[in-house]
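Colleague: Structure below; questions to follow.
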There are 6 protein chains.
Amino acid sequence: MSDFASLLPPTYKEEVARWVRDDCPSTDIGGFVVGEKIETAHLLCKSSGVLAGVPFAQAVFEMMSLEVEWLIPEGTLIDVSSSASKKVIVAIVRGKCRNILLAERTALNTLSRASGVASQARRASDVAKAQSWRGYVAGTRKTTPGFKVVEKYALLVGGVATHRQDLSQMVMLKDNHIWSAGSISNAVTKARTAAGFSMKIEVECQSVDEACEAAGAGADIVMLDNFSHEELQVAAASVKSAFPTVLIEASGGITESTMHLYMGPSIDIISQGSLTQGYACIDFSLKIIPNA
Amino acid sequence: MSDFASLLPPTYKEEVARWVRDDCPSTDIGGFVVGEKIETAHLLCKSSGVLAGVPFAQAVFEMMSLEVEWLIPEGTLIDVSSSASKKVIVAIVRGKCRNILLAERTALNTLSRASGVASQARRASDVAKAQSWRGYVAGTRKTTPGFKVVEKYALLVGGVATHRQDLSQMVMLKDNHIWSAGSISNAVTKARTAAGFSMKIEVECQSVDEACEAAGAGADIVMLDNFSHEELQVAAASVKSAFPTVLIEASGGITESTMHLYMGPSIDIISQGSLTQGYACIDFSLKIIPNA
Amino acid sequence: MSDFASLLPPTYKEEVARWVRDDCPSTDIGGFVVGEKIETAHLLCKSSGVLAGVPFAQAVFEMMSLEVEWLIPEGTLIDVSSSASKKVIVAIVRGKCRNILLAERTALNTLSRASGVASQARRASDVAKAQSWRGYVAGTRKTTPGFKVVEKYALLVGGVATHRQDLSQMVMLKDNHIWSAGSISNAVTKARTAAGFSMKIEVECQSVDEACEAAGAGADIVMLDNFSHEELQVAAASVKSAFPTVLIEASGGITESTMHLYMGPSIDIISQGSLTQGYACIDFSLKIIPNA
Amino acid sequence: MSDFASLLPPTYKEEVARWVRDDCPSTDIGGFVVGEKIETAHLLCKSSGVLAGVPFAQAVFEMMSLEVEWLIPEGTLIDVSSSASKKVIVAIVRGKCRNILLAERTALNTLSRASGVASQARRASDVAKAQSWRGYVAGTRKTTPGFKVVEKYALLVGGVATHRQDLSQMVMLKDNHIWSAGSISNAVTKARTAAGFSMKIEVECQSVDEACEAAGAGADIVMLDNFSHEELQVAAASVKSAFPTVLIEASGGITESTMHLYMGPSIDIISQGSLTQGYACIDFSLKIIPNA
Amino acid sequence: MSDFASLLPPTYKEEVARWVRDDCPSTDIGGFVVGEKIETAHLLCKSSGVLAGVPFAQAVFEMMSLEVEWLIPEGTLIDVSSSASKKVIVAIVRGKCRNILLAERTALNTLSRASGVASQARRASDVAKAQSWRGYVAGTRKTTPGFKVVEKYALLVGGVATHRQDLSQMVMLKDNHIWSAGSISNAVTKARTAAGFSMKIEVECQSVDEACEAAGAGADIVMLDNFSHEELQVAAASVKSAFPTVLIEASGGITESTMHLYMGPSIDIISQGSLTQGYACIDFSLKIIPNA
Amino acid sequence: MSDFASLLPPTYKEEVARWVRDDCPSTDIGGFVVGEKIETAHLLCKSSGVLAGVPFAQAVFEMMSLEVEWLIPEGTLIDVSSSASKKVIVAIVRGKCRNILLAERTALNTLSRASGVASQARRASDVAKAQSWRGYVAGTRKTTPGFKVVEKYALLVGGVATHRQDLSQMVMLKDNHIWSAGSISNAVTKARTAAGFSMKIEVECQSVDEACEAAGAGADIVMLDNFSHEELQVAAASVKSAFPTVLIEASGGITESTMHLYMGPSIDIISQGSLTQGYACIDFSLKIIPNA
């Protein structure tokens, strides 16, 4: 099984540390009450979904000098209905009581959201498999400020593509860029001056003509934006026949229930903002086991 | 109208700056394509809800040296259905084209989430008004790591209480604290040693007896956790008759559709994690107006 | 014995690290001279007082990878006059010689100040005990910028209340707030909108009428500011009889030698800026033991 | 008049910003009550002393976008007894009411401490003048962690020397360094390897022999530590006659009342830890002027 | 003319600020000597080369509140030999004297290095033009830690490609990756799982067979590493005929004097570490004009 | 052998951490490909020179939790020509494969530059020894922004003096300071007010008269700027005879090939900007050993 934790940058632990500090800016009277006795706690999953966010929760616990044993690996689809208590033990956490409580809320808030994203991504990935479609389902930059690193990572755990992480990772030219540059060709040419060979260029297009202009100017990817699914297939086939190596992305108003309609043979990428925006969360809790 | 922006700490602009930087860690080739011509853009609301997050979006725009004119004030319930285009202009943004695009995604991501939280909070607040209930609907600490400042603020815009911001602002003693301290009384007494008179102490209780022990030991608030709504009213009345000045909070599995059942005369606070977790987002976009 | 170190936030070690770095911004030629041989040093107390600041000194030593054994616990009243050398060994520090010297000055500067505050707080606390008064002696926000976390903590070690840590922890409404809001009632009502149930509200009052208006509007605490001690007792009794649950704070020009006069039955809190401003320091030094 | 503000590093405003943020980590409900109306406030001095800390207070006010007019220049000896109200207006501050209150406490805490240090330094400087002594009265590294920049600066405003700012600015070799290096000569020689010609080297000595060894090995300054004032003059004269260009520092237990005894013709420097430790503070307040 | 400043991320000014602070960690006695009189200075170029680094120098000056008028635009080839004084005025800087001196060294150090890189890049670009070769001359990741943003930017000013900025911008698979993954095909396939469609994948190859395996597995670019220039042309042609859309990079021991030999029709990219390592610097100085 | 690592400040590891993070701001797909298997790598030197930068490379490896065994100590002159492979193993690095690759480029870039500076410094130092000259060869502040700590340190490893680290470590008065202050004497006197006895003052002089004015006013060092080597010796002798204890620095256009001409008996310091600017680099690489 792939370990996506290996692609997190060295900086992610600093963001995690910032979250923990943010939850206790001046005094921790609860911590003073419980003190530093060593305790053991169970991390419980209480609603069904794909477990995601383990490296972030791990970093929270490590920051608080806690030992963690994960019983269920990242990416597992957990089904709580099979448990009498409707609760599944995901990990065992051990360390100073005060530290467990300082870590608790940040760890749970991270896991619940990462698992929410991954669960939704897994469902989208399953639709593609059911359609035997070979393209990429992908997220967008519609992520929560300050929490993007978790949401993008959770997309991968769920089985879909992150799309670009940020403005520095791939060039995406939209209407604003094209107006400014005067034409699609101008915009692509200027972008290539700085992008060189190391970054891909994508252009958001409203028609087959625009898509062909973009591809002709050297775009690597063209997005057909807000087409109906019937029009999309025709348009995409037309672009592909002229530019076989260009990738075609469909985007705009595509939902979990309609995405199968867009999964045609000339479509390479289907992106959905809803994968990282307005997603449901999975329920987790942390319970100290008395006299463990 | 109240201006909740005045209660944001001086630090919130630094978090905003971190979000903007996070979206462009190394190069901005899109910015290179559009350059630094002065352009004007419309910030559009495209789905109905309560506008929230204006000070954060303002900070994003200011960081990028953009001028903004807000046409609709924070806290307004926007109804896009009354517009033919289903879009309402919320603000006019003006400045260097490159800078508009650097600000765009962070501003939109913030507004869509803040407005999502405020919209849900407004609905909860409306339920309380419809019931003529005088207590507090409140959020919890189930917030997105790194984004709490926005979500807590949006609760206030929506009309509900933030509950404590973090572990340093109010003492909440739960099962773990009580086990560690030996009893509810011990836990409250120890907490008071450090809290002094300046912080409130709340205790999570499973029974009327526990609630009375907590109130007797000096707790300011008792939470009756996971009671059915019928049992809750009886229990709360019993605690109130013994300790008239203690506040009583109901919590646990309360949803938008069931909350009216909990709004009894002895209940002072009803808290819901769902106000800041798994909320729907409001749709915004930013469009540059050619030749504006 | 209570361990107040457990209520320090995770951030305090970062402040400590900043202090250490601040003492050596570019080169450490003294460190180059002594090198990295392992040495043992004695941390000595050289003037009598209450030991405080141990967790901060510990953090300094840990940052420099030093091992420390504390022979005297935090909060102990050390009497150096009983020692022939007028010096008491407080701790034994062991590690690289260079690192001991990098830690030395910051650790000593912190301990001498924290112990100075705690010593004074202990004397104030002793006055209250001698008077059999049950209220809170408390500090204020008159703390050293950048060093508040130590001074507030040392108040607790000395046995008095911190009062609010910062503007975010309790609401205090003074003349400026009242003018702005138009009246005490308006100011309290507006504050409650944002404070909800989770934060206390205090109002600084110049008369019994103002105090009663504040209490009536929902203030949790009223401060009777700059009253003579005779007038104070009468005024406080009058407010208490009307509002038995409101807390009453006396403040303004109260010193160690006059505080006993203010400790009446209707007074709950006596605050003194001098507890953290202009305090005397306790003398400490660190001596490497040759051939230890 | 000299403007010592010009020697503060670009970083000092960042420390100031940290102090302000530290006073309001999450919410500012007082600020919410007063809002953003423009108000004018008087900064008042309420006890006599040398005004110091103006650039730091200025930075606090600027951070909060306030305008300040200083009526009394840095370094002035203010005598409040000549005023009927025992208060002297030092500056007029103008801006958003909320911002004035966010700046208030940090500005006052800084001024009161800086002026306390400068007042004491001025008295020490006056003793030297009265003795017609031409050497340097100097501070030490016994400063408050995180607040050193203010205390060292205030020494200059008061008229005495800062001594080294930190371990990186001058080399000071003490007993620990000498033991480690084997001898005073070895220690000085090794230090010179790294110090080159750009940093001075001082050696703490217990005898004339040690001082002569240090000077002979190339030390720029020798400290005669804990000598009685009678012995000191003899020892210093002896060292000077052998090494006329070496500077001689007296240190150890010298107080304001005894320092004149140490001011002999062969003494170049008298340093006192008490100049920045345990100093009294000057009293300041900030009052908003209604309807100004 | 293209303005490459528009592709610098919002963060670059923070790095610049760090450099300036680094040059004055505690006190600025030189600044104290000159004070805050307004002065005018000339920024002079004293050796011939391509001017680069203007946005960084501009940021230094802005940080110190200085006004700058640039007389020569970024990217200009300056020839000082045509001036009698062998000096060309590049910009006029105006502001507080102290601030000019605080900015001076950081601005000069940046310009001299950026212009050194750009001058060398321009020469490389000129070789390609002379050969009528249409591929990319490119830098590598052999940049100075902490100064990469300047060096990569200067490559663009000089007219060559940056190659990837960092590990997050393009995937480069080398021998270590291939050993770990078991084969080139495995490594490319695994990389594609995480890279999706938004990042390019390059593989370092030792033979035509390896290059064809990489291209067949989906690599976008293959590097032919350390081939002689004769072998390179044959190998590249062979790979191109099998995989016409794959890009081919030549690397390893290529210098300014040999690069023309590698510029064949099947070669798309020639990368050289020496473009950002061991480069000569251009000489600049800043002179205050008395009585300007 | 001297261990110059002991004079690096506690902050240098933070700069190193910033460099590593800068190389991987968002995702590490290469790391994902290789995963976290434990591997062993050889750090190889591939061109002859003085090894320098070991503590920085060590910090890079430690940040990535790698173990390193250094086979060759800092400061060694490595001669690769004696090895058949023209490669010398400098260190063995062991740890997670992903982490080795995250550390690789930053470690190599640091070592190659530090060793380049040290190699050049060693040659300069050897010239002085060959001339039996006892003064200091020294660097300047012409260092790479953000990388100064490495370059200054490497000068010491190579055997020459760092000169001042920054504006806060020694006072250097140049033409601008002198114009502003009105005269050399005024400038030195004013500087002494703030510098006290703890910092040295140097003055840049254009003539013997200026040098004597500076020395007479209390300067510790005078720089004779841009003198021919013949004039320099005469001028220096003249200044020395009048002020035997002042140090004399020669600077301006001195190169490795001409420096021996400046090494006269009255010259104490010869500084060269080229020691840290435009230096050649030493070639290093890191190779994972399969099945090690």
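Residue numbering restarts at 1 for every chain of the structure tokens, chains are lettered A, B, ... in their displayed order, and ligands are numbered from 1 as they appear.
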Would you list the contacts of D:Tyr262 as an MDAnalysis selection string, taking every protein, DNA or RNA residue within 8 Å and counting only C-alpha atoms, but skipping same-chain residues closer than 5 positions in sequence?
Modeller: chainID D and resid 229 232:233 250 267 270
Colleague: With N, CA, C and O atoms kept, could you save the residues just selected as a short mmCIF file (atom, residue, chain, number, x, y, z; two decimals), in the first residue's frame?
Modeller:
data_model
loop_
_atom_site.label_atom_id
_atom_site.label_comp_id
_atom_site.auth_asym_id
_atom_site.auth_seq_id
_atom_site.Cartn_x
_atom_site.Cartn_y
_atom_site.Cartn_z
N HIS D 229 37.23 48.83 47.73
CA HIS D 229 37.59 50.02 46.94
C HIS D 229 39.01 50.49 47.23
O HIS D 229 39.70 51.01 46.35
N LEU D 232 41.32 48.12 45.39
CA LEU D 232 41.11 48.31 43.96
C LEU D 232 42.03 49.40 43.41
O LEU D 232 42.68 49.22 42.37
N GLN D 233 42.09 50.51 44.09
CA GLN D 233 42.88 51.64 43.56
C GLN D 233 44.35 51.27 43.44
O GLN D 233 45.01 51.60 42.45
N ALA D 250 36.03 47.97 37.23
CA ALA D 250 35.71 47.54 38.59
C ALA D 250 34.28 47.03 38.59
O ALA D 250 33.40 47.64 38.00
N ILE D 267 40.92 53.74 37.23
CA ILE D 267 39.71 52.95 36.92
C ILE D 267 39.04 53.58 35.70
O ILE D 267 38.77 54.77 35.66
N ILE D 270 33.16 51.34 35.66
CA ILE D 270 32.51 50.79 36.85
C ILE D 270 31.17 50.25 36.40
O ILE D 270 30.31 51.00 35.93
#
Colleague: Using only C-alpha atoms, select each residue of chain E with any atom at most 7 Å away from an atom of chain D, and give the selection as a PyMOL selection string.
Modeller: chain E and resi 21+24-29+31-32+35
Colleague: Next, the residues of the selection above should be written as a PDB file, in the first residue's frame with N, CA, C and O atoms.
Modeller:
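The resulting file, out-v1.pdb, is reproduced below:
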ATOM      1  N   ARG E  21      17.921  42.718   8.269  1.00  0.00           N
ATOM      2  CA  ARG E  21      18.003  42.559   9.732  1.00  0.00           C
ATOM      3  C   ARG E  21      19.275  41.833  10.134  1.00  0.00           C
ATOM      4  O   ARG E  21      19.879  42.116  11.161  1.00  0.00           O
ATOM      5  N   CYS E  24      22.271  43.882  10.945  1.00  0.00           N
ATOM      6  CA  CYS E  24      22.265  44.795  12.083  1.00  0.00           C
ATOM      7  C   CYS E  24      21.475  44.189  13.237  1.00  0.00           C
ATOM      8  O   CYS E  24      20.385  44.658  13.566  1.00  0.00           O
ATOM      9  N   PRO E  25      22.010  43.153  13.863  1.00  0.00           N
ATOM     10  CA  PRO E  25      21.213  42.454  14.880  1.00  0.00           C
ATOM     11  C   PRO E  25      21.018  43.218  16.185  1.00  0.00           C
ATOM     12  O   PRO E  25      20.021  43.017  16.852  1.00  0.00           O
ATOM     13  N   SER E  26      21.948  44.066  16.590  1.00  0.00           N
ATOM     14  CA  SER E  26      21.720  44.721  17.882  1.00  0.00           C
ATOM     15  C   SER E  26      21.795  46.255  17.867  1.00  0.00           C
ATOM     16  O   SER E  26      20.827  46.914  18.204  1.00  0.00           O
ATOM     17  N   THR E  27      22.912  46.827  17.480  1.00  0.00           N
ATOM     18  CA  THR E  27      22.961  48.294  17.483  1.00  0.00           C
ATOM     19  C   THR E  27      23.581  48.797  16.196  1.00  0.00           C
ATOM     20  O   THR E  27      24.352  48.103  15.543  1.00  0.00           O
ATOM     21  N   ASP E  28      23.260  50.012  15.856  1.00  0.00           N
ATOM     22  CA  ASP E  28      23.734  50.605  14.606  1.00  0.00           C
ATOM     23  C   ASP E  28      24.396  51.930  14.943  1.00  0.00           C
ATOM     24  O   ASP E  28      23.825  53.007  14.798  1.00  0.00           O
ATOM     25  N   ILE E  29      25.634  51.840  15.397  1.00  0.00           N
ATOM     26  CA  ILE E  29      26.299  53.053  15.860  1.00  0.00           C
ATOM     27  C   ILE E  29      26.654  53.955  14.692  1.00  0.00           C
ATOM     28  O   ILE E  29      26.586  55.185  14.796  1.00  0.00           O
ATOM     29  N   GLY E  31      24.761  54.414  12.196  1.00  0.00           N
ATOM     30  CA  GLY E  31      23.501  55.135  11.981  1.00  0.00           C
ATOM     31  C   GLY E  31      23.313  56.259  12.978  1.00  0.00           C
ATOM     32  O   GLY E  31      22.802  57.334  12.649  1.00  0.00           O
ATOM     33  N   PHE E  32      23.735  55.995  14.195  1.00  0.00           N
ATOM     34  CA  PHE E  32      23.648  57.023  15.236  1.00  0.00           C
ATOM     35  C   PHE E  32      24.552  58.212  14.879  1.00  0.00           C
ATOM     36  O   PHE E  32      24.194  59.373  15.108  1.00  0.00           O
ATOM     37  N   GLY E  35      22.716  59.931  11.685  1.00  0.00           N
ATOM     38  CA  GLY E  35      21.386  60.432  11.992  1.00  0.00           C
ATOM     39  C   GLY E  35      20.415  60.342  10.839  1.00  0.00           C
ATOM     40  O   GLY E  35      20.634  59.589   9.885  1.00  0.00           O
TER      41      GLY E  35
END
Colleague: Which neighbours of D:Lys240 fall inside 12 Å, counting only C-alpha atoms, when residues of the same chain fewer than 5 positions from it are skipped, and could you give them as a ChimeraX atom specification?
Modeller: /D:208,211-212,215-216,221-222,232-235,245-249,265-268
Colleague: Select from stretch 29-257 of chain A everything DSSP, run on the backbone, classes as strand (DSSP E or B), then give the selection as a PyMOL selection string.
Modeller: chain A and resi 38-45+49-50+67-70+77-78+88-96+136-138+161+171-173+201-205+221-225+247-251
Colleague: Give me, as a ChimeraX atom specification, all polymer residues having an atom no more than 12 Å from D:Cys97, counting only C-alpha atoms and skipping those fewer than 2 positions away in the same chain.
Modeller: /B:6 /C:176-181 /D:30-41,64-66,93-95,99-104,287-290
Colleague: Using DSSP on the backbone coordinates, identify the residues of stretch 35-271 of chain F assigned to alpha helix (DSSP H); present them as a PyMOL selection string.
Modeller: chain F and resi 54-63+97-130+148-158+175-181+184-195+208-217+229-242+259-262
Colleague: Do you have the atom CA of B:Leu108-atom CA of B:Ser285 distance handy?
Modeller: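 Atom-to-atom, atom CA of B:Leu108 and atom CA of B:Ser285 are spaced 6.5 Å apart.
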Colleague: Give me the residues within 10 Å of F:Pro73 as number ranges by chain, counting only C-alpha atoms and dropping any in the same chain fewer than 6 places off.
Modeller: F: 1, 3, 51-52, 54, 90-91
Colleague: Can you pull out every residue within 10 Å of C:Glu151, counting only C-alpha atoms, but drop anything in the same chain fewer than 2 positions away, and send it as an NGL selection string?
Modeller: :C and (52-53 or 110 or 113-118 or 139 or 141-144 or 147-149 or 153-157 or 162 or 275-277)
Colleague: For those residues, write C-alpha atoms to a file as a CSV table (one decimal), in the first residue's frame.
Modeller:
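Saved result, again_11.csv, follows:
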chain,number,residue,atom,x,y,z
C,52,ALA,CA,10.2,30.6,41.1
C,53,GLY,CA,10.8,30.3,37.4
C,110,THR,CA,14.7,34.6,34.5
C,113,ARG,CA,13.0,38.1,38.3
C,114,ALA,CA,10.5,35.2,38.8
C,115,SER,CA,11.7,34.7,42.3
C,116,GLY,CA,11.5,38.4,43.0
C,117,VAL,CA,7.8,38.5,41.9
C,118,ALA,CA,7.0,35.3,43.8
C,139,GLY,CA,-1.8,41.2,40.0
C,141,ARG,CA,-1.5,43.8,33.5
C,142,LYS,CA,1.4,46.1,34.6
C,143,THR,CA,3.9,43.5,33.4
C,144,THR,CA,7.1,43.7,31.4
C,147,PHE,CA,8.1,38.7,29.9
C,148,LYS,CA,4.5,38.6,31.1
C,149,VAL,CA,4.3,34.8,31.0
C,153,TYR,CA,3.2,32.5,36.5
C,154,ALA,CA,5.3,33.7,39.4
C,155,LEU,CA,2.3,35.4,41.0
C,156,LEU,CA,0.6,31.9,41.2
C,157,VAL,CA,3.8,30.4,42.6
C,162,THR,CA,-3.0,36.4,38.1
C,275,LEU,CA,3.4,43.0,42.4
C,276,THR,CA,4.9,42.8,38.9
C,277,GLN,CA,6.4,46.3,38.5
Colleague: Tell me, in Å to one decimal, how far atom CA of C:Lys200 is from atom CA of C:Met170.
Modeller: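 Here the two named atoms are 5.4 Å from each other.
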Colleague: Could you list, as a ChimeraX atom specification, every residue within 10 Å of F:Ala161, counting only C-alpha atoms and ignoring same-chain residues fewer than 5 positions away?
Modeller: /D:192-198 /F:121,125,135-140,152-156,269-271
Colleague: In Å, rounded to a single decimal, give me how far atom CA of F:Asn186 is from atom CA of F:Glu204.
Modeller: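 Going from atom CA of F:Glu204 over to atom CA of F:Asn186, I get 14.2 Å.
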